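Data file: work_5.txt. Format and content: compact mmCIF, C-alpha atoms.
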```
# COMPACT_ATOMS: atom_id res chain seq x y z
CA MET A 1 94.64 116.54 91.83
CA ARG A 2 95.55 114.57 94.97
CA LEU A 3 97.56 115.64 98.01
CA GLU A 4 99.49 112.91 99.80
CA ILE A 5 101.00 113.46 103.24
CA ASP A 6 103.46 111.42 105.28
CA LEU A 7 103.40 112.83 108.82
CA GLY A 8 106.26 111.41 110.86
CA ASN A 9 107.78 112.10 114.24
CA THR A 10 109.57 115.29 113.20
CA LEU A 11 108.49 116.32 109.69
CA LEU A 12 105.47 116.50 107.41
CA LYS A 13 106.34 115.31 103.90
CA TRP A 14 103.92 116.02 101.05
CA ARG A 15 103.44 115.71 97.34
CA LEU A 16 100.82 116.67 94.76
CA LEU A 17 99.84 114.24 92.03
CA SER A 18 97.91 114.89 88.85
CA SER A 19 96.80 111.77 86.96
CA GLU A 20 99.24 109.78 89.18
CA VAL A 21 102.18 112.01 88.14
CA ARG A 22 104.05 113.92 90.84
CA VAL A 23 103.89 117.65 90.11
CA ASP A 24 105.16 119.13 93.39
CA GLY A 25 106.32 118.13 96.85
CA GLY A 26 108.54 118.84 99.81
CA TYR A 27 108.64 118.74 103.59
CA PHE A 28 108.40 121.02 106.61
CA ALA A 29 107.94 120.96 110.38
CA LEU A 30 104.29 120.79 111.43
CA VAL A 31 104.53 124.17 113.17
CA GLU A 32 105.06 125.64 109.68
CA LEU A 33 101.70 124.36 108.42
CA GLU A 34 100.02 127.77 108.19
CA ALA A 35 102.88 129.24 106.16
CA TRP A 36 102.74 126.26 103.80
CA LEU A 37 98.98 126.49 103.38
CA ALA A 38 99.28 130.17 102.50
CA GLU A 39 101.32 129.11 99.45
CA GLN A 40 98.90 126.39 98.30
CA SER A 41 96.25 127.19 95.71
CA ALA A 42 95.73 123.81 94.05
CA THR A 43 92.21 122.46 93.56
CA LEU A 44 92.14 119.02 95.15
CA GLU A 45 89.92 116.02 94.61
CA SER A 46 91.33 114.04 97.54
CA ILE A 47 93.77 114.14 100.47
CA TRP A 48 95.43 110.93 101.62
CA ILE A 49 97.44 110.83 104.83
CA SER A 50 99.85 108.44 106.56
CA SER A 51 100.42 109.61 110.12
CA VAL A 52 102.15 108.32 113.25
CA ALA A 53 101.03 111.39 115.21
CA SER A 54 98.46 111.41 118.01
CA ASP A 55 94.72 111.36 117.36
CA SER A 56 94.55 114.96 118.54
CA ILE A 57 97.17 116.17 116.06
CA ASN A 58 95.59 114.15 113.26
CA HIS A 59 92.20 115.69 114.01
CA GLN A 60 93.60 119.22 114.00
CA LEU A 61 95.50 118.60 110.77
CA ALA A 62 92.45 117.14 109.03
CA GLN A 63 90.30 120.08 110.15
CA ARG A 64 92.79 122.64 108.91
CA LEU A 65 93.23 120.91 105.56
CA GLN A 66 89.49 120.65 105.02
CA LEU A 67 89.02 124.31 105.86
CA HIS A 68 91.68 125.32 103.34
CA PHE A 69 91.05 122.90 100.48
CA GLY A 70 87.40 121.99 101.06
CA VAL A 71 88.24 118.27 100.97
CA ALA A 72 87.98 115.72 103.78
CA ALA A 73 91.25 113.91 104.47
CA GLU A 74 91.42 110.10 104.44
CA PHE A 75 93.88 108.35 106.76
CA ALA A 76 95.55 105.07 105.86
CA ARG A 77 95.44 102.24 108.39
CA VAL A 78 97.27 98.97 108.90
CA THR A 79 95.39 95.82 107.88
CA GLN A 80 96.01 92.09 107.90
CA SER A 81 96.75 92.16 104.18
CA ALA A 82 96.89 94.64 101.30
CA ALA A 83 98.30 94.81 97.77
CA GLY A 84 99.47 91.18 98.01
CA LEU A 85 101.33 91.60 101.32
CA LEU A 86 100.40 89.56 104.40
CA ASN A 87 100.96 91.08 107.86
CA ALA A 88 102.34 88.81 110.60
CA TYR A 89 101.18 91.02 113.49
CA VAL A 90 98.50 89.38 115.64
CA GLN A 91 97.11 92.90 116.16
CA PRO A 92 97.89 94.74 112.90
CA GLU A 93 96.53 98.02 114.26
CA ARG A 94 99.48 98.13 116.70
CA MET A 95 101.99 98.46 113.85
CA GLY A 96 103.03 101.96 112.77
CA VAL A 97 101.23 102.77 109.54
CA ASP A 98 104.41 104.21 108.00
CA ARG A 99 106.15 100.86 108.41
CA TRP A 100 103.27 99.02 106.77
CA LEU A 101 103.07 101.42 103.83
CA ALA A 102 106.85 101.31 103.29
CA MET A 103 106.68 97.51 103.08
CA LEU A 104 103.74 97.61 100.68
CA ALA A 105 105.59 99.94 98.35
CA ALA A 106 108.95 98.18 98.55
CA TRP A 107 107.57 94.70 97.93
CA ASN A 108 105.39 95.88 95.05
CA HIS A 109 108.20 97.97 93.52
CA ILE A 110 110.74 95.14 93.64
CA GLY A 111 108.47 92.15 93.14
CA GLY A 112 110.66 89.94 95.33
CA ALA A 113 112.21 89.48 98.74
CA VAL A 114 113.06 92.82 100.36
CA LEU A 115 114.74 94.21 103.44
CA VAL A 116 113.07 97.59 104.00
CA VAL A 117 115.11 100.10 106.01
CA ASP A 118 113.63 103.48 106.99
CA ALA A 119 116.46 105.53 108.51
CA GLY A 120 114.64 108.44 110.09
CA SER A 121 114.20 109.69 113.66
CA ALA A 122 113.84 105.98 114.42
CA ILE A 123 115.36 103.25 112.26
CA THR A 124 113.03 100.44 111.24
CA ILE A 125 114.15 97.27 109.49
CA GLU A 126 111.49 95.02 107.97
CA ARG A 127 111.90 91.61 106.35
CA VAL A 128 109.51 90.55 103.58
CA SER A 129 109.69 87.22 101.76
CA VAL A 130 109.48 86.79 98.00
CA ASP A 131 105.86 85.61 98.31
CA GLY A 132 104.78 88.68 100.26
CA HIS A 133 104.88 87.47 103.86
CA TYR A 134 106.04 89.91 106.49
CA LEU A 135 108.63 87.95 108.48
CA GLY A 136 109.36 90.42 111.26
CA GLY A 137 111.09 93.69 112.00
CA SER A 138 113.50 95.60 114.22
CA ILE A 139 113.31 99.14 115.61
CA LEU A 140 116.16 101.17 117.05
CA PRO A 141 116.83 104.86 117.71
CA GLY A 142 117.83 106.97 114.73
CA PHE A 143 121.36 108.32 114.54
CA GLN A 144 120.40 111.86 115.53
CA MET A 145 118.32 110.51 118.40
CA GLN A 146 121.25 108.42 119.63
CA GLN A 147 123.46 111.49 119.79
CA ARG A 148 120.87 113.72 121.42
CA THR A 149 120.14 111.08 124.03
CA LEU A 150 123.79 111.01 125.06
CA LEU A 151 124.39 114.74 124.99
CA GLY A 152 120.92 115.93 126.00
CA GLN A 153 118.70 118.36 124.16
CA THR A 154 120.08 121.30 126.16
CA ALA A 155 123.72 120.23 126.34
CA ARG A 156 126.29 123.01 126.01
CA VAL A 157 128.11 121.00 123.35
CA ARG A 158 126.44 121.34 119.95
CA PHE A 159 126.60 119.00 116.98
CA ASP A 160 127.72 121.77 114.64
CA GLN A 161 130.91 121.92 116.71
CA VAL A 162 131.92 118.41 115.58
CA GLN A 163 135.20 118.53 113.67
CA GLY A 164 137.19 116.04 111.63
CA ASP A 165 136.44 112.49 110.55
CA PRO A 166 134.13 110.80 113.08
CA LEU A 167 135.53 107.38 112.21
CA GLN A 168 138.94 108.49 113.48
CA GLY A 169 137.52 109.06 116.96
CA GLY A 170 136.90 112.33 118.77
CA ILE A 171 138.91 114.60 121.03
CA ASP A 172 135.89 116.31 122.60
CA THR A 173 132.51 115.06 123.78
CA ALA A 174 130.48 115.98 120.70
CA SER A 175 133.05 114.42 118.36
CA CYS A 176 133.23 111.26 120.48
CA VAL A 177 129.43 110.88 120.37
CA ALA A 178 129.43 111.50 116.61
CA SER A 179 132.16 108.88 116.22
CA GLY A 180 130.09 106.38 118.17
CA ALA A 181 127.06 107.04 115.96
CA GLU A 182 129.16 106.49 112.84
CA LEU A 183 130.43 103.17 114.21
CA VAL A 184 126.85 102.12 114.90
CA MET A 185 125.90 103.08 111.34
CA ARG A 186 128.77 101.05 109.91
CA GLY A 187 127.84 98.03 112.04
CA LEU A 188 124.17 98.37 111.08
CA ALA A 189 125.06 98.42 107.38
CA SER A 190 127.01 95.19 107.79
CA GLN A 191 124.12 93.51 109.63
CA MET A 192 121.63 94.69 107.02
CA GLN A 193 123.53 92.88 104.32
CA GLU A 194 123.59 89.72 106.43
CA LEU A 195 119.82 89.98 106.98
CA ALA A 196 119.27 90.45 103.25
CA LYS A 197 121.27 87.28 102.56
CA GLN A 198 118.93 85.35 104.87
CA LEU A 199 116.05 86.19 102.51
CA VAL A 200 117.85 84.62 99.54
CA GLN A 201 116.52 81.31 98.28
CA PRO A 202 117.47 79.17 95.26
CA GLY A 203 116.60 81.30 92.26
CA VAL A 204 115.52 84.21 94.48
CA ASN A 205 117.65 87.26 95.22
CA SER A 206 116.88 89.91 97.81
CA THR A 207 116.96 93.70 97.66
CA ILE A 208 117.67 96.28 100.35
CA VAL A 209 115.25 99.19 99.97
CA LEU A 210 116.34 102.37 101.75
CA THR A 211 114.33 105.45 102.66
CA GLY A 212 114.40 108.18 105.31
CA GLY A 213 116.57 111.18 106.08
CA ASP A 214 119.74 109.18 106.83
CA ALA A 215 119.33 106.74 103.94
CA ASN A 216 122.04 108.32 101.79
CA HIS A 217 124.46 108.34 104.72
CA LEU A 218 123.72 104.71 105.54
CA GLN A 219 124.09 103.65 101.92
CA ARG A 220 127.73 104.78 101.92
CA TYR A 221 128.59 101.99 104.36
CA LEU A 222 127.05 99.18 102.33
CA SER A 223 129.88 97.21 100.74
CA ASP A 224 127.68 95.66 98.04
CA THR A 225 125.34 98.19 96.42
CA ASP A 226 124.20 96.01 93.50
CA ASN A 227 121.13 94.94 95.48
CA VAL A 228 120.39 98.35 97.05
CA VAL A 229 117.61 100.71 95.96
CA LEU A 230 116.98 104.17 97.41
CA ILE A 231 113.35 105.37 97.27
CA PRO A 232 112.90 108.74 99.03
CA GLU A 233 109.07 108.81 98.98
CA LEU A 234 108.56 105.14 99.82
CA VAL A 235 105.86 105.71 102.46
CA MET A 236 103.80 107.89 100.11
CA ASP A 237 104.22 105.31 97.35
CA GLY A 238 102.73 102.78 99.78
CA LEU A 239 99.98 105.26 100.63
CA SER A 240 99.01 105.41 96.96
CA LEU A 241 98.84 101.62 96.81
CA ALA A 242 96.86 101.26 100.03
CA LYS A 243 94.30 103.96 99.34
CA ARG A 244 93.67 102.71 95.82
CA GLU A 245 92.57 99.52 97.58
CA ARG A 246 90.58 101.72 100.00
CA VAL A 247 92.65 100.53 102.98
```
What does this structure look like when you write it as structure tokens?
Amino acid sequence: MRLEIDLGNTLLKWRLLSSEVRVDGGYFALVELEAWLAEQSATLESIWISSVASDSINHQLAQRLQLHFGVAAEFARVTQSAAGLLNAYVQPERMGVDRWLAMLAAWNHIGGAVLVVDAGSAITIERVSVDGHYLGGSILPGFQMQQRTLLGQTARVRFDQVQGDPLQGGIDTASCVASGAELVMRGLASQMQELAKQLVQPGVNSTIVLTGGDANHLQRYLSDTDNVVLIPELVMDGLSLAKRERV
């Protein structure tokens, strides 16, 4: 059995696979690691990890996992090419590994030109051509981050106080900020579809691949959903591809 982990900025996502079939999975905040481990009794053959955390956190996580499961964790890394995809970064190691793995999975899943959008604590948008060339990306703050930046982590106004339809505008600070975030989301959805059109060539369509915590919310604003695919565990799918190539 194999444990796969996607450690992001705010959550640790995990799944167990037996003979390449998902048998369990979920997510939790890293501070809940000990409670999660106490519930785990699976016998593992391998542990594969995608992480954007610091070296210190990665080291501590790997140590704790090895102590519990008796298996050394393997971390994925970004390379110049993998699974048919060619990286355009001059220094591939400077790219976030989650972005690279999401692209690997999306391009291999679809088998054509893709616009890969990970709507998490940060929003990343990656363009990949039909022949597997990474054409470039964009990074912007996630929708929750945008709101917290404006209101502040310790602001007296809380998001659970937001009332009504954000697209109608707000009548208090929290609702106004939420309305602004919704407008940004709507504008982003429109731009995503324009970017996807730029990948279209004669005889070649493009697909928008969505993942991340706000993917469902973002999908609601896409006017044309025929070319949209939602893949919740996209990064871990890419992890499976990369590690099978020993990347």
Could you list, as a PyMOL selection string, every residue within 10 Å of Ala181 (chain A), counting only C-alpha atoms and ignoring same-chain residues fewer than 4 positions away? chain A and resi 142-147+166-167+175-177+185-187
Here CA of Trp48 (chain A) and CA of Val229 (chain A) stand apart by 25.1 Å
Residues of region 143-235 of chain A within 8 Å of region 90-109 of chain A: nearest atom pair and distance (Å, one decimal) for each, counting all atoms listed in the file, sorted by chain and number, as JSON lines?
```
{"residue": "A:Val209", "atom": "CA", "partner": "A:Ala106", "partner_atom": "CA", "distance": 6.5}
{"residue": "A:Leu234", "atom": "CA", "partner": "A:Ala102", "partner_atom": "CA", "distance": 5.4}
{"residue": "A:Val235", "atom": "CA", "partner": "A:Ala102", "partner_atom": "CA", "distance": 4.6}
```
Would you list the contacts of Gln198 (chain A) as a list of chain:residue names, taking every protein, DNA or RNA residue within 12 Å and counting all atoms listed in the file, but skipping same-chain residues closer than 3 positions in sequence?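 That gives A:Ala113, A:Val114, A:Leu115, A:Arg127, A:Val128, A:Ser129, A:Val130, A:Leu135, A:Gln191, A:Met192, A:Gln193, A:Glu194, A:Leu195, A:Gln201, A:Pro202, A:Val204, A:Asn205, A:Ser206, A:Thr207, A:Ile208.
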Can you work out which one of A:Ala178, A:Leu12, A:Ala82, A:Leu230 has the shortest atom-to-atom distance to Leu33 (chain A), counting only C-alpha atoms? A:Leu12
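Using only C-alpha atoms for every distance, the candidate list A:Ala189, A:Ala242, A:Ala29, A:Lys197 yields A:Ala189 as the residue closest to Ser223 (chain A).
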Please compute the CA of Ala76 (chain A)-CA of Trp14 (chain A) distance, one decimal, in Å. 14.6 Å
Mind pulling up the distance from CA of Leu3 (chain A) to CA of Leu16 (chain A)?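 Between CA of Leu16 (chain A) and CA of Leu3 (chain A) the gap is 4.7 Å.
Using only C-alpha atoms, the shortest contact distance between Ile49 (chain A) and any of A:Gly25, A:Gly137, A:Gly112, A:Gly8 is found at A:Gly8.
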For a quick check of understanding, using all atoms listed in the file, which of A:Leu218, A:Leu37, A:Leu86, A:Ala122 has the smallest distance to Arg64 (chain A)?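 Counting all atoms listed in the file, the residue closest to Arg64 (chain A) is A:Leu37.
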So, counting only C-alpha atoms, which residue among A:Val21, A:Ile5, A:Asn216, A:Leu151 is closest to Leu61 (chain A)? A:Ile5
Nearest to Ala119 (chain A) by atom-to-atom distance, counting all atoms listed in the file, from A:Leu17, A:Leu210, A:Val200, A:Met1: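 Comparing A:Leu17, A:Leu210, A:Val200, A:Met1 against Ala119 (chain A), the winner is A:Leu210.
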Box time for region 61-65 of chain A: axis-aligned, enclosing all its listed atoms, 8 Å extra on each side; report centre and edge lengths in Å to one decimal, as JSON.
```
{"center_x": 92.9, "center_y": 119.9, "center_z": 108.2, "size_x": 21.2, "size_y": 21.5, "size_z": 21.2}
```
